[in-house]
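Listing of entry22.pdb, PDB, C-alpha atoms
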```pdb
ATOM      1  CA  VAL A   1       0.000   0.000   0.000
ATOM      2  CA  LEU A   2       2.835   2.389   0.845
ATOM      3  CA  ILE A   3       4.622   1.702  -2.453
ATOM      4  CA  THR A   4       1.391   2.142  -4.405
ATOM      5  CA  SER A   5       0.738   5.401  -2.605
ATOM      6  CA  LEU A   6       4.281   6.658  -3.307
ATOM      7  CA  LEU A   7       4.050   5.682  -6.980
ATOM      8  CA  THR A   8       0.658   7.371  -7.276
ATOM      9  CA  THR A   9       2.032  10.532  -5.661
ATOM     10  CA  LEU A  10       5.074  10.485  -7.977
ATOM     11  CA  PHE A  11       2.852   9.953 -11.028
ATOM     12  CA  ILE A  12       0.561  12.814 -10.015
ATOM     13  CA  ASP A  13       3.574  15.088  -9.412
ATOM     14  CA  VAL A  14       5.001  14.319 -12.873
ATOM     15  CA  LEU A  15       1.583  14.787 -14.468
ATOM     16  CA  LEU A  16       1.035  18.158 -12.744
ATOM     17  CA  GLY A  17       4.523  19.277 -13.838
ATOM     18  CA  ASN A  18       3.709  18.364 -17.437
ATOM     19  CA  ILE A  19       0.395  20.207 -17.258
ATOM     20  CA  LYS A  20       2.150  23.288 -15.874
ATOM     21  CA  ASP A  21       4.726  23.150 -18.701
ATOM     22  CA  LEU A  22       1.961  22.797 -21.296
ATOM     23  CA  GLN A  23       0.076  25.760 -19.821
ATOM     24  CA  ALA A  24       3.229  27.909 -19.990
ATOM     25  CA  ALA A  25       3.813  26.852 -23.614
ATOM     26  CA  LEU A  26       0.207  27.649 -24.551
ATOM     27  CA  LYS A  27       0.417  31.051 -22.868
ATOM     28  CA  ALA A  28       3.636  31.836 -24.760
ATOM     29  CA  GLN A  29       2.001  30.807 -28.040
ATOM     30  CA  ALA A  30      -1.031  32.983 -27.298
ATOM     31  CA  ILE A  31       1.060  36.158 -26.879
ATOM     32  CA  THR A  32       3.883  35.569 -29.383
ATOM     33  CA  ASP A  33       4.143  36.140 -33.115
ATOM     34  CA  PRO A  34       5.072  32.704 -34.492
ATOM     35  CA  LEU A  35       7.379  34.037 -37.232
ATOM     36  CA  THR A  36       9.507  36.570 -35.398
ATOM     37  CA  GLY A  37       9.207  35.614 -31.743
ATOM     38  CA  ALA A  38       8.169  39.175 -30.865
ATOM     39  CA  PHE A  39       4.999  39.628 -28.840
ATOM     40  CA  ASN A  40       1.811  39.768 -30.941
ATOM     41  CA  ARG A  41      -0.732  42.525 -31.423
ATOM     42  CA  ARG A  42      -3.213  41.042 -28.931
ATOM     43  CA  HIS A  43      -0.585  41.098 -26.188
ATOM     44  CA  MET A  44       0.337  44.651 -27.199
ATOM     45  CA  SER A  45      -3.256  45.792 -26.688
ATOM     46  CA  GLN A  46      -3.329  44.159 -23.259
ATOM     47  CA  GLN A  47      -0.038  45.764 -22.217
ATOM     48  CA  LEU A  48      -1.077  49.205 -23.484
ATOM     49  CA  ASP A  49      -4.364  48.954 -21.591
ATOM     50  CA  ARG A  50      -2.476  47.860 -18.463
ATOM     51  CA  MET A  51      -0.068  50.784 -18.758
ATOM     52  CA  MET A  52      -2.910  53.260 -19.273
ATOM     53  CA  ALA A  53      -4.891  51.867 -16.323
ATOM     54  CA  THR A  54      -1.961  52.152 -13.936
ATOM     55  CA  LEU A  55      -0.878  55.640 -14.943
ATOM     56  CA  HIS A  56      -1.604  57.651 -11.800
ATOM     57  CA  ASP A  57       1.460  59.862 -11.775
ATOM     58  CA  PRO A  58       1.233  62.649 -14.389
ATOM     59  CA  SER A  59       5.019  62.837 -14.396
ATOM     60  CA  ALA A  60       5.382  59.128 -15.275
ATOM     61  CA  SER A  61       7.486  58.709 -18.346
ATOM     62  CA  ASN A  62       6.781  55.842 -20.735
ATOM     63  CA  ALA A  63       7.620  55.843 -24.429
ATOM     64  CA  LEU A  64       6.272  54.021 -27.469
ATOM     65  CA  LEU A  65       8.229  53.560 -30.695
ATOM     66  CA  ALA A  66       6.350  52.774 -33.918
ATOM     67  CA  ILE A  67       8.862  51.049 -36.210
ATOM     68  CA  ASP A  68       8.362  50.225 -39.892
ATOM     69  CA  LEU A  69      10.770  48.592 -42.352
ATOM     70  CA  ASP A  70      11.336  50.927 -45.283
ATOM     71  CA  LEU A  71      10.355  49.726 -48.760
ATOM     72  CA  PHE A  72       9.831  46.202 -47.481
ATOM     73  CA  LYS A  73       7.514  45.266 -50.354
ATOM     74  CA  GLN A  74      10.538  45.524 -52.650
ATOM     75  CA  VAL A  75      12.339  42.860 -50.605
ATOM     76  CA  ASN A  76       9.397  40.473 -51.002
ATOM     77  CA  ASP A  77       8.956  41.328 -54.697
ATOM     78  CA  ARG A  78      12.651  41.021 -55.550
ATOM     79  CA  LEU A  79      13.772  38.150 -53.315
ATOM     80  CA  GLY A  80      10.550  36.354 -52.427
ATOM     81  CA  HIS A  81       8.522  35.986 -49.279
ATOM     82  CA  ALA A  82      10.908  33.473 -47.706
ATOM     83  CA  ALA A  83      13.671  36.101 -47.821
ATOM     84  CA  GLY A  84      11.197  38.651 -46.459
ATOM     85  CA  ASP A  85      10.431  36.338 -43.560
ATOM     86  CA  GLU A  86      14.150  35.935 -42.863
ATOM     87  CA  ALA A  87      14.554  39.711 -42.946
ATOM     88  CA  LEU A  88      11.771  40.157 -40.389
ATOM     89  CA  LYS A  89      13.350  37.582 -38.073
ATOM     90  CA  ALA A  90      16.772  39.216 -38.481
ATOM     91  CA  VAL A  91      15.391  42.692 -37.720
ATOM     92  CA  VAL A  92      13.683  41.404 -34.561
ATOM     93  CA  ALA A  93      16.912  39.704 -33.479
ATOM     94  CA  CYS A  94      18.817  42.948 -34.094
ATOM     95  CA  MET A  95      16.310  44.977 -32.068
ATOM     96  CA  THR A  96      16.082  42.398 -29.286
ATOM     97  CA  GLY A  97      19.845  42.634 -28.870
ATOM     98  CA  ARG A  98      19.478  46.336 -28.028
ATOM     99  CA  ILE A  99      16.445  46.560 -25.783
ATOM    100  CA  ARG A 100      16.507  46.507 -21.983
ATOM    101  CA  ARG A 101      14.888  44.058 -19.607
ATOM    102  CA  GLY A 102      11.311  45.283 -19.179
ATOM    103  CA  ASP A 103      11.070  46.773 -22.684
ATOM    104  CA  MET A 104       8.483  45.002 -24.853
ATOM    105  CA  LEU A 105       8.735  44.444 -28.608
ATOM    106  CA  PHE A 106       5.541  43.660 -30.528
ATOM    107  CA  ARG A 107       4.874  42.807 -34.155
ATOM    108  CA  SER A 108       1.876  44.994 -34.882
ATOM    109  CA  GLY A 109       1.550  44.278 -38.608
ATOM    110  CA  GLY A 110       3.381  42.785 -41.578
ATOM    111  CA  GLU A 111       6.638  44.723 -41.307
ATOM    112  CA  GLU A 112       5.511  46.994 -38.490
ATOM    113  CA  PHE A 113       6.619  46.810 -34.885
ATOM    114  CA  VAL A 114       5.953  48.632 -31.635
ATOM    115  CA  LEU A 115       8.513  48.924 -28.859
ATOM    116  CA  LEU A 116       7.250  49.941 -25.420
ATOM    117  CA  LEU A 117       9.870  51.594 -23.225
ATOM    118  CA  PRO A 118       8.632  51.810 -19.618
ATOM    119  CA  ARG A 119      10.172  54.408 -17.323
ATOM    120  CA  THR A 120      11.989  56.170 -20.156
ATOM    121  CA  SER A 121      12.441  59.892 -20.744
ATOM    122  CA  ALA A 122      11.788  61.475 -24.121
ATOM    123  CA  ALA A 123      15.521  62.045 -24.609
ATOM    124  CA  ASP A 124      16.346  58.425 -23.783
ATOM    125  CA  ALA A 125      13.549  57.154 -26.050
ATOM    126  CA  ALA A 126      14.954  59.231 -28.931
ATOM    127  CA  ARG A 127      18.431  57.792 -28.255
ATOM    128  CA  VAL A 128      17.093  54.226 -28.240
ATOM    129  CA  ALA A 129      15.206  54.859 -31.479
ATOM    130  CA  GLU A 130      18.252  56.373 -33.186
ATOM    131  CA  ASP A 131      20.446  53.517 -31.995
ATOM    132  CA  LEU A 132      17.974  50.943 -33.345
ATOM    133  CA  ARG A 133      17.755  52.785 -36.660
ATOM    134  CA  ALA A 134      21.543  52.900 -37.009
ATOM    135  CA  ARG A 135      22.028  49.264 -35.934
ATOM    136  CA  ILE A 136      19.565  48.005 -38.524
ATOM    137  CA  GLU A 137      21.032  50.205 -41.248
ATOM    138  CA  GLN A 138      24.578  48.972 -40.505
ATOM    139  CA  ALA A 139      23.760  45.290 -40.005
ATOM    140  CA  GLU A 140      23.935  42.855 -42.884
ATOM    141  CA  LEU A 141      20.588  41.263 -42.204
ATOM    142  CA  LEU A 142      20.155  39.887 -45.731
ATOM    143  CA  PRO A 143      22.977  39.275 -48.197
ATOM    144  CA  GLN A 144      23.382  42.220 -50.577
ATOM    145  CA  VAL A 145      20.307  44.019 -49.237
ATOM    146  CA  ARG A 146      20.392  47.143 -47.115
ATOM    147  CA  LEU A 147      17.444  47.289 -44.758
ATOM    148  CA  THR A 148      16.410  50.479 -43.019
ATOM    149  CA  VAL A 149      13.611  51.488 -40.679
ATOM    150  CA  SER A 150      11.657  54.620 -39.973
ATOM    151  CA  ILE A 151      10.654  55.220 -36.360
ATOM    152  CA  GLY A 152       8.058  57.423 -34.701
ATOM    153  CA  VAL A 153       8.465  58.168 -30.983
ATOM    154  CA  ALA A 154       5.613  59.191 -28.680
ATOM    155  CA  MET A 155       5.525  59.722 -24.951
ATOM    156  CA  GLN A 156       2.607  58.487 -22.867
ATOM    157  CA  ARG A 157       0.302  61.241 -21.726
ATOM    158  CA  ALA A 158      -1.426  61.256 -18.350
ATOM    159  CA  VAL A 159      -4.651  62.224 -20.093
ATOM    160  CA  GLY A 160      -5.506  60.196 -23.144
ATOM    161  CA  THR A 161      -6.076  56.675 -24.383
ATOM    162  CA  ALA A 162      -3.832  53.910 -25.602
ATOM    163  CA  ASP A 163      -5.169  54.461 -29.129
ATOM    164  CA  GLU A 164      -4.201  58.145 -28.981
ATOM    165  CA  TRP A 165      -0.714  57.185 -27.812
ATOM    166  CA  VAL A 166      -0.257  54.729 -30.691
ATOM    167  CA  ARG A 167      -1.737  57.258 -33.130
ATOM    168  CA  ALA A 168       0.787  59.912 -32.017
ATOM    169  CA  ALA A 169       3.658  57.479 -32.663
ATOM    170  CA  ASP A 170       2.140  56.486 -36.034
ATOM    171  CA  LEU A 171       1.843  60.131 -37.114
ATOM    172  CA  ALA A 172       5.500  60.673 -36.218
ATOM    173  CA  LEU A 173       6.372  57.503 -38.157
ATOM    174  CA  TYR A 174       4.483  58.770 -41.226
ATOM    175  CA  GLU A 175       6.423  62.028 -40.978
ATOM    176  CA  ALA A 176       9.675  60.040 -40.916
ATOM    177  CA  LYS A 177       8.554  58.242 -44.081
ATOM    178  CA  ARG A 178       7.537  61.504 -45.792
ATOM    179  CA  SER A 179      10.861  63.088 -44.814
ATOM    180  CA  GLY A 180      12.879  60.498 -46.697
ATOM    181  CA  ARG A 181      12.741  57.287 -44.603
ATOM    182  CA  ASN A 182      15.539  55.814 -42.484
ATOM    183  CA  ARG A 183      15.005  58.377 -39.761
ATOM    184  CA  VAL A 184      13.506  58.976 -36.343
ATOM    185  CA  VAL A 185      10.795  61.567 -35.705
ATOM    186  CA  ALA A 186       9.386  62.410 -32.266
ATOM    187  CA  ALA A 187       5.728  63.257 -31.851
ATOM    188  CA  ALA A 188       4.982  66.770 -30.708
ATOM    189  CA  PRO A 189       4.455  66.994 -26.943
ATOM    190  CA  ALA A 190       0.888  67.346 -25.744
ATOM    191  CA  ALA A 191      -0.342  70.871 -25.248
ATOM    192  CA  PRO A 192      -0.679  71.802 -21.550
TER
END
```

Take the structure I supplied and represent it as structure tokens, if you would.
Amino acid sequence: VLITSLLTTLFIDVLLGNIKDLQAALKAQAITDPLTGAFNRRHMSQQLDRMMATLHDPSASNALLAIDLDLFKQVNDRLGHAAGDEALKAVVACMTGRIRRGDMLFRSGGEEFVLLLPRTSAADAARVAEDLRARIEQAELLPQVRLTVSIGVAMQRAVGTADEWVRAADLALYEAKRSGRNRVVAAAPAAP
């Protein structure tokens, strides 16, 4: 009886461990983009909502970078979608090598990414964005192809919504594209 009880306890312990591992794997799959390994858009929405809900201090400083690969359609058209997929994975790896613990990188669209920088000043966010832009430009992410990104930077406002925050970064990103691509543009600060 004692041996049966010990074996049953051991079996249950192993089974519960496996269930816990499977739950962790399912959670990771639910919040991760399967191609790039960056967080997915659903997780981004949850994190933005969480950040907006916990913003009590008007002086809190959080930044959002909207990042878009320049002329990415040409990569897919010229080299094929498999090369485009490799480029996306390489860009994420390049960015992941630069970001800090606590920063969150999301794939928000085809070749579009969002980087959340908690507890970051506007000056530091601009430095991170410029460093990412330069790293990607200088890296050989695909043979014989120069990849660049345009980046819009927006600071979280104490009054506003997550959508307004993302929209401010997107508008700055569009300005970077209009201004010639491969550049960083900061959103205008909110009016007092």

Residue nearest Arg42 (chain A) - candidates A:Ser108, A:Gln23, A:Ser150, A:Asn182, atoms counted: only C-alpha atoms:
A:Ser108

Which value, in Å to one decimal, gives the distance between CA of Arg127 (chain A) and CA of Arg167 (chain A)?
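CA of Arg127 (chain A) sits 20.8 Å away from CA of Arg167 (chain A).
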
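Comparing A:Ala134, A:Leu117, A:Leu48, A:Ala168 by their smallest distance to Ser61 (chain A), the closest is A:Leu117 (using only C-alpha atoms).
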
Between A:Ala30, A:Ala154, A:Leu116, A:Ala90, which residue has the minimum interatomic distance to Glu140 (chain A), considering only C-alpha atoms?
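Looking only at the distances to Glu140 (chain A), the closest residue turns out to be A:Ala90.
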
Of the candidates A:Arg107, A:Arg146, A:Arg78, A:Arg183, which one gets nearest to Gly37 (chain A) if we count all atoms listed in the file?
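Smallest distance to Gly37 (chain A) is found for A:Arg107.
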
Which residues would end up in the selection if the PyMOL selection byres ((chain A and resi 181) around 9) were applied here, given that I need the answer as a ChimeraX atom specification?
/A:70-71,148-151,175-180,182-184

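Atom to atom, CA of Thr36 (chain A) and CA of Asp103 (chain A) stand 16.4 Å apart.
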
Report, as JSON, the centre and edge lengths in Å (one decimal) of the axis-aligned box enclosing every listed atom of region 36-41 of chain A, padded by 3 Å on each side.
```
{"center_x": 4.4, "center_y": 39.1, "center_z": -32.1, "size_x": 16.2, "size_y": 12.9, "size_z": 12.6}
```

For this structure, which residues satisfy the selection - the PyMOL selection byres ((chain A and resi 35) around 12) - when it is evaluated on the file as given? I want them as number ranges by chain.
A: 29, 32-34, 36-40, 82, 84-93, 106-107, 109-111

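Proximity of A:Ala186, A:Leu7, A:Leu2, A:Leu147 to Ala123 (chain A), computed with all atoms listed in the file, is greatest for A:Ala186.
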
Reconstruct N, CA, C and O atoms of region 108-123 of chain A from the incomplete input and present them as a CSV table (one decimal), keeping the file's coordinate frame.
```csv
chain,number,residue,atom,x,y,z
A,108,SER,N,3.2,44.4,-34.8
A,108,SER,CA,1.9,45.0,-34.9
A,108,SER,C,1.2,44.8,-36.3
A,108,SER,O,0.0,45.0,-36.4
A,109,GLY,N,2.0,44.5,-37.3
A,109,GLY,CA,1.6,44.3,-38.6
A,109,GLY,C,2.6,43.6,-39.4
A,109,GLY,O,3.6,43.1,-38.8
A,110,GLY,N,2.5,43.5,-40.7
A,110,GLY,CA,3.4,42.8,-41.6
A,110,GLY,C,4.8,43.1,-41.3
A,110,GLY,O,5.6,42.2,-40.8
A,111,GLU,N,5.3,44.3,-41.6
A,111,GLU,CA,6.6,44.7,-41.3
A,111,GLU,C,6.7,45.9,-40.3
A,111,GLU,O,7.6,46.7,-40.3
A,112,GLU,N,5.7,45.9,-39.5
A,112,GLU,CA,5.5,47.0,-38.5
A,112,GLU,C,5.7,46.4,-37.1
A,112,GLU,O,5.1,45.4,-36.8
A,113,PHE,N,6.4,47.2,-36.3
A,113,PHE,CA,6.6,46.8,-34.9
A,113,PHE,C,6.4,48.0,-33.9
A,113,PHE,O,6.4,49.1,-34.3
A,114,VAL,N,6.1,47.6,-32.7
A,114,VAL,CA,6.0,48.6,-31.6
A,114,VAL,C,6.9,48.2,-30.5
A,114,VAL,O,6.9,47.0,-30.2
A,115,LEU,N,7.6,49.2,-30.0
A,115,LEU,CA,8.5,48.9,-28.9
A,115,LEU,C,8.0,49.8,-27.7
A,115,LEU,O,8.0,51.0,-27.9
A,116,LEU,N,7.6,49.2,-26.6
A,116,LEU,CA,7.2,49.9,-25.4
A,116,LEU,C,8.5,50.1,-24.5
A,116,LEU,O,9.1,49.1,-24.2
A,117,LEU,N,8.7,51.3,-24.1
A,117,LEU,CA,9.9,51.6,-23.2
A,117,LEU,C,9.3,52.2,-21.9
A,117,LEU,O,9.2,53.4,-21.8
A,118,PRO,N,9.1,51.3,-20.9
A,118,PRO,CA,8.6,51.8,-19.6
A,118,PRO,C,9.7,52.6,-18.9
A,118,PRO,O,10.9,52.4,-19.1
A,119,ARG,N,9.3,53.6,-18.1
A,119,ARG,CA,10.2,54.4,-17.3
A,119,ARG,C,11.3,55.0,-18.1
A,119,ARG,O,12.5,54.8,-17.8
A,120,THR,N,11.0,55.6,-19.2
A,120,THR,CA,12.0,56.2,-20.2
A,120,THR,C,11.7,57.6,-20.5
A,120,THR,O,10.5,57.9,-20.8
A,121,SER,N,12.6,58.5,-20.4
A,121,SER,CA,12.4,59.9,-20.7
A,121,SER,C,12.4,60.0,-22.3
A,121,SER,O,12.8,59.2,-23.0
A,122,ALA,N,11.9,61.2,-22.7
A,122,ALA,CA,11.8,61.5,-24.1
A,122,ALA,C,13.2,61.5,-24.8
A,122,ALA,O,13.4,60.9,-25.8
A,123,ALA,N,14.2,62.0,-24.1
A,123,ALA,CA,15.5,62.0,-24.6
A,123,ALA,C,16.1,60.6,-24.7
A,123,ALA,O,16.7,60.3,-25.7
```
